[in-house]
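Participant: Below you'll find entry.pdb; it's PDB, C-alpha atoms.
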ATOM      1  CA  MET X1142      19.291   9.233   6.911
ATOM      2  CA  PRO X1143      16.249   8.565   9.131
ATOM      3  CA  LEU X1144      15.035   5.143   8.050
ATOM      4  CA  ALA X1145      13.324   2.764  10.428
ATOM      5  CA  ASP X1146      14.875  -0.632  11.122
ATOM      6  CA  HIS X1147      11.766  -2.150   9.546
ATOM      7  CA  THR X1148      11.935  -0.976   5.940
ATOM      8  CA  GLY X1149       9.089  -3.191   4.783
ATOM      9  CA  THR X1150       7.918  -4.556   1.469
ATOM     10  CA  CYS X1151       7.197  -2.204  -1.404
ATOM     11  CA  TRP X1152       5.541  -2.932  -4.721
ATOM     12  CA  PHE X1153       6.423  -0.782  -7.709
ATOM     13  CA  VAL X1154       3.843  -1.010 -10.471
ATOM     14  CA  GLY X1155       4.642   0.471 -13.856
ATOM     15  CA  LEU X1156       7.261   1.101 -16.479
ATOM     16  CA  THR X1157      10.594  -0.500 -17.246
ATOM     17  CA  THR X1158      12.795   0.711 -20.092
ATOM     18  CA  LEU X1159      16.381   0.172 -21.131
ATOM     19  CA  ASP X1160      18.280   3.450 -20.887
ATOM     20  CA  VAL X1161      21.283   4.208 -23.071
ATOM     21  CA  VAL X1162      22.925   7.167 -21.348
ATOM     22  CA  HIS X1163      25.575   9.373 -22.917
ATOM     23  CA  ARG X1164      27.427  12.112 -21.073
ATOM     24  CA  ALA X1165      28.773  14.929 -23.213
ATOM     25  CA  ALA X1166      29.925  18.536 -23.152
ATOM     26  CA  GLY X1167      26.741  20.255 -24.264
ATOM     27  CA  ARG X1168      23.988  19.234 -26.644
ATOM     28  CA  PRO X1169      24.401  18.850 -30.387
ATOM     29  CA  ASP X1170      22.860  21.411 -32.699
ATOM     30  CA  ARG X1171      20.619  20.317 -35.545
ATOM     31  CA  ASP X1172      22.334  17.823 -37.845
ATOM     32  CA  GLU X1173      25.420  17.826 -35.610
ATOM     33  CA  LYS X1174      27.166  15.033 -33.723
ATOM     34  CA  VAL X1175      29.014  15.193 -30.416
ATOM     35  CA  THR X1176      31.373  12.692 -28.833
ATOM     36  CA  ALA X1177      30.378  11.286 -25.466
ATOM     37  CA  SER X1178      32.811  11.202 -22.578
ATOM     38  CA  ARG X1179      30.918   8.381 -20.869
ATOM     39  CA  GLN X1180      28.295   5.774 -21.754
ATOM     40  CA  ASP X1181      26.074   3.701 -19.444
ATOM     41  CA  VAL X1182      23.368   1.146 -20.156
ATOM     42  CA  ALA X1183      20.900   0.365 -17.378
ATOM     43  CA  ALA X1184      17.260  -0.364 -16.740
ATOM     44  CA  GLY X1185      15.137   2.762 -16.491
ATOM     45  CA  GLY X1186      11.569   3.873 -16.028
ATOM     46  CA  PRO X1187      10.020   5.503 -12.955
ATOM     47  CA  ALA X1188       8.802   2.330 -11.257
ATOM     48  CA  ALA X1189      11.949   0.360 -12.067
ATOM     49  CA  ASN X1190      14.350   3.043 -10.832
ATOM     50  CA  ALA X1191      12.305   3.587  -7.683
ATOM     51  CA  ALA X1192      12.493  -0.160  -7.042
ATOM     52  CA  VAL X1193      16.292  -0.114  -7.417
ATOM     53  CA  THR X1194      16.449   2.710  -4.874
ATOM     54  CA  ALA X1195      14.202   0.841  -2.439
ATOM     55  CA  ALA X1196      16.279  -2.319  -2.688
ATOM     56  CA  ALA X1197      19.461  -0.345  -1.949
ATOM     57  CA  LEU X1198      17.767   1.145   1.118
ATOM     58  CA  GLY X1199      17.043  -2.325   2.465
ATOM     59  CA  ALA X1200      13.403  -2.797   1.512
ATOM     60  CA  ARG X1201      12.006  -5.830  -0.247
ATOM     61  CA  ALA X1202      11.457  -4.261  -3.667
ATOM     62  CA  VAL X1203       8.882  -6.011  -5.858
ATOM     63  CA  LEU X1204       8.507  -4.697  -9.417
ATOM     64  CA  VAL X1205       5.350  -5.510 -11.401
ATOM     65  CA  THR X1206       5.977  -4.536 -15.003
ATOM     66  CA  ALA X1207       5.895  -5.606 -18.653
ATOM     67  CA  LEU X1208       9.203  -6.874 -20.025
ATOM     68  CA  GLY X1209       8.864  -9.758 -22.451
ATOM     69  CA  ASP X1210      11.721 -11.918 -23.636
ATOM     70  CA  SER X1211      13.593  -9.765 -26.150
ATOM     71  CA  PRO X1212      17.344  -9.165 -25.844
ATOM     72  CA  VAL X1213      16.566  -5.621 -24.677
ATOM     73  CA  ALA X1214      14.217  -6.932 -21.983
ATOM     74  CA  ARG X1215      16.741  -9.508 -20.812
ATOM     75  CA  ALA X1216      19.353  -6.775 -20.409
ATOM     76  CA  ALA X1217      16.954  -4.646 -18.343
ATOM     77  CA  ARG X1218      15.952  -7.604 -16.162
ATOM     78  CA  ALA X1219      19.594  -8.535 -15.537
ATOM     79  CA  ASP X1220      20.389  -5.022 -14.311
ATOM     80  CA  LEU X1221      17.355  -4.923 -12.023
ATOM     81  CA  GLU X1222      18.022  -8.318 -10.497
ATOM     82  CA  THR X1223      21.694  -7.468 -10.013
ATOM     83  CA  HIS X1224      20.548  -4.566  -7.845
ATOM     84  CA  GLY X1225      18.223  -6.605  -5.673
ATOM     85  CA  VAL X1226      14.846  -6.044  -7.353
ATOM     86  CA  GLU X1227      12.333  -8.907  -7.498
ATOM     87  CA  VAL X1228      11.045  -8.679 -11.069
ATOM     88  CA  HIS X1229       7.548  -9.968 -11.889
ATOM     89  CA  ASP X1230       6.744  -9.800 -15.584
ATOM     90  CA  VAL X1231       3.112  -9.777 -16.744
ATOM     91  CA  VAL X1232       4.189 -11.020 -20.178
ATOM     92  CA  ALA X1233       4.032 -14.810 -20.546
ATOM     93  CA  PRO X1234       7.372 -16.636 -20.913
ATOM     94  CA  GLY X1235       8.573 -16.742 -24.484
ATOM     95  CA  GLN X1236       6.364 -13.853 -25.558
ATOM     96  CA  ASP X1237       7.401 -10.328 -26.303
ATOM     97  CA  VAL X1238       6.253  -6.714 -26.105
ATOM     98  CA  PRO X1239       8.115  -3.694 -27.490
ATOM     99  CA  LEU X1240      10.260  -2.570 -24.566
ATOM    100  CA  ALA X1241      11.215   1.083 -24.894
ATOM    101  CA  VAL X1242      14.871   1.972 -25.341
ATOM    102  CA  SER X1243      15.386   5.473 -23.940
ATOM    103  CA  ALA X1244      18.022   7.755 -25.446
ATOM    104  CA  VAL X1245      19.451   9.918 -22.656
ATOM    105  CA  LEU X1246      21.932  12.776 -22.894
ATOM    106  CA  VAL X1247      23.465  14.240 -19.723
ATOM    107  CA  ASP X1248      25.149  17.634 -20.004
ATOM    108  CA  GLU X1249      28.563  17.513 -18.314
ATOM    109  CA  ALA X1250      28.429  21.189 -17.400
ATOM    110  CA  THR X1251      25.081  21.209 -15.598
ATOM    111  CA  GLY X1252      24.182  17.563 -14.932
ATOM    112  CA  GLU X1253      20.818  18.144 -16.631
ATOM    113  CA  ARG X1254      19.394  15.339 -18.717
ATOM    114  CA  SER X1255      17.375  15.147 -21.925
ATOM    115  CA  VAL X1256      15.362  12.010 -22.658
ATOM    116  CA  VAL X1257      13.651  10.619 -25.739
ATOM    117  CA  SER X1258      11.601   7.499 -25.074
ATOM    118  CA  ALA X1259       8.478   5.693 -26.226
ATOM    119  CA  ASP X1260       7.730   4.891 -22.570
ATOM    120  CA  ALA X1261       4.866   2.371 -22.626
ATOM    121  CA  ALA X1262       3.171   3.831 -25.708
ATOM    122  CA  LEU X1263       4.222   0.962 -27.994
ATOM    123  CA  ALA X1264       3.405  -1.892 -25.614
ATOM    124  CA  GLU X1265       0.020  -3.367 -24.726
ATOM    125  CA  ALA X1266       0.645  -5.091 -21.417
ATOM    126  CA  PRO X1267      -1.652  -7.959 -20.376
ATOM    127  CA  PRO X1268      -3.161  -8.015 -16.876
ATOM    128  CA  PRO X1269      -1.079  -9.701 -14.164
ATOM    129  CA  ARG X1270      -2.278 -13.135 -13.050
ATOM    130  CA  PHE X1271       0.086 -13.582 -10.122
ATOM    131  CA  LEU X1272      -0.649 -10.737  -7.698
ATOM    132  CA  GLY X1273      -2.084 -13.103  -5.100
ATOM    133  CA  ASP X1274       1.247 -14.928  -4.983
ATOM    134  CA  LEU X1275       3.303 -11.832  -4.154
ATOM    135  CA  PRO X1276       4.325 -10.847  -0.609
ATOM    136  CA  HIS X1277       1.878  -8.519   1.127
ATOM    137  CA  PRO X1278       3.068  -4.943   0.592
ATOM    138  CA  ASP X1279       3.330  -2.144   3.108
ATOM    139  CA  VAL X1280       3.382   0.413   0.277
ATOM    140  CA  VAL X1281       2.436   0.212  -3.397
ATOM    141  CA  LEU X1282       3.818   2.839  -5.786
ATOM    142  CA  PHE X1283       2.194   3.493  -9.178
ATOM    143  CA  ASP X1284       3.928   5.559 -11.865
ATOM    144  CA  GLY X1285       0.940   6.096 -14.192
ATOM    145  CA  HIS X1286       2.154   3.774 -16.949
ATOM    146  CA  HIS X1287       0.574   0.483 -18.114
ATOM    147  CA  PRO X1288      -3.095   1.160 -17.240
ATOM    148  CA  VAL X1289      -4.096  -2.509 -17.473
ATOM    149  CA  ILE X1290      -1.511  -3.549 -14.905
ATOM    150  CA  ALA X1291      -2.358  -0.619 -12.637
ATOM    151  CA  GLY X1292      -6.083  -1.313 -12.806
ATOM    152  CA  ALA X1293      -5.591  -4.946 -11.860
ATOM    153  CA  ALA X1294      -3.330  -3.983  -8.961
ATOM    154  CA  VAL X1295      -5.816  -1.410  -7.619
ATOM    155  CA  GLY X1296      -8.594  -4.001  -7.727
ATOM    156  CA  HIS X1297      -6.394  -6.531  -5.974
ATOM    157  CA  LEU X1298      -5.487  -4.113  -3.177
ATOM    158  CA  GLU X1299      -9.143  -3.424  -2.363
ATOM    159  CA  ASN X1300      -9.356  -6.906  -0.835
ATOM    160  CA  ARG X1301      -6.054  -6.892   1.036
ATOM    161  CA  ALA X1302      -5.954  -6.436   4.799
ATOM    162  CA  PRO X1303      -4.286  -4.501   6.166
ATOM    163  CA  ARG X1304      -4.590  -2.170   3.177
ATOM    164  CA  PRO X1305      -1.175  -0.970   2.042
ATOM    165  CA  LEU X1306      -0.431   2.691   1.544
ATOM    166  CA  VAL X1307      -0.727   3.828  -2.068
ATOM    167  CA  VAL X1308       1.871   6.267  -3.396
ATOM    168  CA  LEU X1309       1.758   7.914  -6.818
ATOM    169  CA  ASP X1310       4.765   9.068  -8.815
ATOM    170  CA  ALA X1311       3.160  11.796 -10.936
ATOM    171  CA  GLY X1312       5.682  13.764 -12.936
ATOM    172  CA  ARG X1313       3.252  14.720 -15.694
ATOM    173  CA  TRP X1314      -0.467  14.237 -16.130
ATOM    174  CA  ARG X1315      -1.631  10.955 -17.603
ATOM    175  CA  PRO X1316      -5.301   9.964 -17.922
ATOM    176  CA  LEU X1317      -4.707   7.040 -15.568
ATOM    177  CA  PHE X1318      -4.142   9.460 -12.687
ATOM    178  CA  ALA X1319      -7.851  10.299 -12.711
ATOM    179  CA  GLU X1320      -8.380   6.709 -11.521
ATOM    180  CA  LEU X1321      -5.359   6.534  -9.214
ATOM    181  CA  LEU X1322      -5.666   9.825  -7.309
ATOM    182  CA  PRO X1323      -8.897   8.754  -5.541
ATOM    183  CA  VAL X1324      -7.062   5.778  -3.979
ATOM    184  CA  ALA X1325      -3.785   7.589  -3.244
ATOM    185  CA  ASP X1326      -2.575   8.052   0.299
ATOM    186  CA  VAL X1327       0.298  10.164  -1.049
ATOM    187  CA  ALA X1328       0.505  11.755  -4.480
ATOM    188  CA  ALA X1329       4.082  12.842  -5.120
ATOM    189  CA  VAL X1330       3.938  15.316  -7.990
ATOM    190  CA  SER X1331       6.324  17.711  -9.657
ATOM    191  CA  ALA X1332       5.580  21.420  -9.771
ATOM    192  CA  ARG X1333       4.955  21.010 -13.513
ATOM    193  CA  PHE X1334       2.215  18.445 -12.900
ATOM    194  CA  ALA X1335      -1.168  19.894 -13.880
ATOM    195  CA  VAL X1336      -4.537  18.484 -12.838
ATOM    196  CA  PRO X1337      -7.063  19.303 -15.575
ATOM    197  CA  GLY X1338      -9.476  21.969 -14.461
ATOM    198  CA  HIS X1339      -7.322  23.100 -11.515
ATOM    199  CA  ASP X1340      -4.849  25.964 -11.292
ATOM    200  CA  ASP X1341      -3.246  24.748  -8.059
ATOM    201  CA  VAL X1342      -1.576  21.339  -8.202
ATOM    202  CA  THR X1343      -1.977  20.562  -4.489
ATOM    203  CA  ALA X1344      -5.641  21.546  -4.393
ATOM    204  CA  GLY X1345      -6.298  19.654  -7.607
ATOM    205  CA  ALA X1346      -4.747  16.440  -6.314
ATOM    206  CA  HIS X1347      -6.669  16.714  -3.048
ATOM    207  CA  ASP X1348      -9.919  17.451  -4.906
ATOM    208  CA  LEU X1349      -9.526  14.221  -6.887
ATOM    209  CA  GLY X1350      -9.111  12.251  -3.674
ATOM    210  CA  ALA X1351      -5.434  12.161  -2.722
ATOM    211  CA  ARG X1352      -5.144  12.258   1.066
ATOM    212  CA  GLY X1353      -1.556  13.450   1.104
ATOM    213  CA  VAL X1354       0.274  15.503  -1.526
ATOM    214  CA  VAL X1355       4.006  16.119  -1.973
ATOM    215  CA  VAL X1356       5.179  18.682  -4.533
ATOM    216  CA  THR X1357       8.812  18.781  -5.658
ATOM    217  CA  HIS X1358      10.428  21.893  -7.162
ATOM    218  CA  GLY X1359      13.757  20.628  -8.454
ATOM    219  CA  ASP X1360      16.362  22.132  -6.140
ATOM    220  CA  GLY X1361      13.710  24.184  -4.332
ATOM    221  CA  PRO X1362      11.922  23.218  -1.082
ATOM    222  CA  VAL X1363       9.562  20.250  -1.138
ATOM    223  CA  GLU X1364       5.992  21.078  -0.128
ATOM    224  CA  TRP X1365       3.780  18.550   1.644
ATOM    225  CA  SER X1366       0.130  18.566   2.630
ATOM    226  CA  SER X1367      -1.833  16.027   4.653
ATOM    227  CA  GLY X1368      -5.220  16.665   6.197
ATOM    228  CA  ASP X1369      -5.132  20.105   7.783
ATOM    229  CA  GLU X1370      -1.326  20.118   8.063
ATOM    230  CA  THR X1371       1.119  21.584   5.566
ATOM    231  CA  GLY X1372       4.818  22.233   5.537
ATOM    232  CA  THR X1373       8.026  22.393   3.545
ATOM    233  CA  VAL X1374      11.284  20.468   3.584
ATOM    234  CA  PRO X1375      14.404  22.365   2.467
ATOM    235  CA  VAL X1376      16.614  20.880  -0.211
ATOM    236  CA  PRO X1377      20.297  21.254   0.735
ATOM    237  CA  ALA X1378      22.544  22.799  -1.897
ATOM    238  CA  VAL X1379      24.640  20.125  -3.618
ATOM    239  CA  GLU X1380      26.732  20.004  -6.771
ATOM    240  CA  ALA X1381      24.401  18.381  -9.285
ATOM    241  CA  ARG X1382      26.533  16.248 -11.577
ATOM    242  CA  ASP X1383      23.810  13.983 -12.955
ATOM    243  CA  THR X1384      20.068  14.531 -12.501
ATOM    244  CA  LEU X1385      18.904  11.439 -14.397
ATOM    245  CA  GLY X1386      16.569   9.430 -12.157
ATOM    246  CA  ALA X1387      16.690  11.913  -9.268
ATOM    247  CA  GLY X1388      12.910  12.007  -9.077
ATOM    248  CA  ASP X1389      12.734   8.228  -9.174
ATOM    249  CA  ALA X1390      15.234   8.042  -6.304
ATOM    250  CA  PHE X1391      13.079  10.512  -4.364
ATOM    251  CA  HIS X1392       9.957   8.404  -4.891
ATOM    252  CA  GLY X1393      11.669   5.119  -4.057
ATOM    253  CA  ALA X1394      13.042   6.557  -0.824
ATOM    254  CA  LEU X1395       9.665   8.104   0.026
ATOM    255  CA  ALA X1396       7.999   4.704  -0.374
ATOM    256  CA  VAL X1397      10.573   2.981   1.826
ATOM    257  CA  ALA X1398      10.300   5.586   4.576
ATOM    258  CA  LEU X1399       6.503   5.351   4.590
ATOM    259  CA  ALA X1400       6.702   1.551   4.637
ATOM    260  CA  GLY X1401       8.882   1.829   7.723
ATOM    261  CA  GLY X1402       6.222   3.860   9.520
ATOM    262  CA  ALA X1403       7.520   7.407   8.999
ATOM    263  CA  ALA X1404       5.047  10.266   8.948
ATOM    264  CA  LEU X1405       4.859  12.217   5.694
ATOM    265  CA  PRO X1406       7.178  15.104   6.732
ATOM    266  CA  GLU X1407       9.879  12.703   7.940
ATOM    267  CA  ALA X1408       9.488  10.585   4.800
ATOM    268  CA  CYS X1409      10.062  13.707   2.702
ATOM    269  CA  VAL X1410      13.271  14.453   4.626
ATOM    270  CA  THR X1411      14.574  10.973   3.806
ATOM    271  CA  ALA X1412      13.557  11.293   0.156
ATOM    272  CA  VAL X1413      15.314  14.652  -0.165
ATOM    273  CA  GLU X1414      18.527  13.247   1.282
ATOM    274  CA  VAL X1415      18.499  10.246  -1.038
ATOM    275  CA  ALA X1416      17.755  12.353  -4.126
ATOM    276  CA  GLY X1417      20.566  14.694  -3.124
ATOM    277  CA  THR X1418      22.939  11.758  -2.985
ATOM    278  CA  ARG X1419      21.798  10.631  -6.433
ATOM    279  CA  VAL X1420      22.549  13.898  -8.204
ATOM    280  CA  ARG X1421      26.070  14.162  -6.759
ATOM    281  CA  HIS X1422      27.192  11.015  -8.578
ATOM    282  CA  VAL X1423      27.793  10.422 -12.266
ATOM    283  CA  GLY X1424      26.043   7.417 -13.792
ATOM    284  CA  PRO X1425      22.762   5.607 -13.128
ATOM    285  CA  ARG X1426      24.041   3.170 -10.495
ATOM    286  CA  SER X1427      27.303   4.519  -9.038
ATOM    287  CA  TRP X1428      25.485   6.372  -6.244
ATOM    288  CA  LEU X1429      23.797   3.305  -4.754
ATOM    289  CA  ALA X1430      26.838   2.276  -2.713
ATOM    290  CA  GLU X1431      26.478   5.434  -0.609
ATOM    291  CA  VAL X1432      22.912   4.644   0.494
ATOM    292  CA  ARG X1433      22.971   0.836   0.524
ATOM    293  CA  ARG X1434      21.907  -0.784   3.787
TER     294      ARG X1434
END
So that I can check it, write out the structure of this file as structure tokens.

Facilitator:
Amino acid sequence: MPLADHTGTCWFVGLTTLDVVHRAAGRPDRDEKVTASRQDVAAGGPAANAAVTAAALGARAVLVTALGDSPVARAARADLETHGVEVHDVVAPGQDVPLAVSAVLVDEATGERSVVSADAALAEAPPPRFLGDLPHPDVVLFDGHHPVIAGAAVGHLENRAPRPLVVLDAGRWRPLFAELLPVADVAAVSARFAVPGHDDVTAGAHDLGARGVVVTHGDGPVEWSSGDETGTVPVPAVEARDTLGAGDAFHGALAVALAGGAALPEACVTAVEVAGTRVRHVGPRSWLAEVRR
């Protein structure tokens, strides 16, 4: 896959969860139980999974998140650090916040996933006090969770030179995106993302200030727009065995490619290839060996 030798330093600012993933033949009906054929436990969340992807691709992956010191948080941190992510927790040592445990079901027949999670809704994250001590980033990715952390990071970046590229992972609209889109160099959104007051997702993101926009359509072509240029990147047909975290893999790879100096179309090609690798493998981490640098 076309990655530059210099893969850079990427910050990932946002959510970490602990995912409990079951794989089963179909979904249970109401008041019914099914037996899983496989179970995995791993850290999850858009920013965290993107950071794992970036680390596998050879970037310095710095995660700024809210974990705390609960047994659940320690399990998530251990998984992230095992996979090369530098974890920076805004929660003071010995203190705790409710870290979401996500219940995930992957359908064996289709690879599609269903997720129930509190995300960051139960946790009030404090502002980070350590951003000045972190390595200067080439790219900073925000996932729209933890507004206090994101706000502090945006303010910090205003005074950094050279200014890093800002990438948004925007799967669904969150109020925080109204503040993040004006500073975004690339807003990577799903086709289901809706900007309030706009019928067209690309136009809406540009109108709110995003300089570049990438729109994913599942297994359909990826659309990109930057300045007066637009284009599409085809998504090769693959056997999708597990779609959990495919979008996160796409965003992590996009950030790494941009950090290495790729133009937006080339970065999308890399992201498509990495996401395609993700969905061909069963389990949240088994695919990393194929892309690790």

Participant: Hey, which of X:Ala1184, X:Ala1250, X:Val1363, X:Val1420 ends up closest to Val1213 in chain X? Count all atoms listed in the file.

Facilitator: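 Counting all atoms listed in the file, the residue closest to Val1213 in chain X is X:Ala1184.
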
Participant: Applying the PyMOL selection byres ((chain X and resi 1296) around 12) to the file I just gave you, which residues come out? Please list them as a ChimeraX atom specification.

Facilitator: /X:1268-1269,1272-1273,1289-1295,1297-1301,1304,1320-1321,1324

Participant: Using CA of Val1397 in chain X and CA of Arg1434 in chain X as the two end points, give the distance in Å to one decimal.

Facilitator: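 Calculated distance between CA of Val1397 in chain X and CA of Arg1434 in chain X is 12.1 Å.
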
Participant: Could you name the residues that touch Pro1267 in chain X at 10 Å or less, counting only C-alpha atoms, but leaving out those on the same chain fewer than 2 positions away, as a VMD selection string?

Facilitator: chain X and resid 1206 to 1207 1230 to 1233 1238 1264 to 1265 1269 to 1270 1287 to 1290 1293

Participant: Would you mind telling me which residue in X:Ala1261, X:Ala1329, X:Ala1302, X:Val1413 lies nearest to Leu1208 in chain X when using only C-alpha atoms?

Facilitator: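 Of all the options, X:Ala1261 lies closest to Leu1208 in chain X.
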
Participant: Can you translate the PyMOL selection byres ((chain X and resi 1356) around 6) into the concrete residues it hits in this file, as an NGL selection string?

Facilitator: :X and (1329-1332 or 1355 or 1357 or 1363-1364)
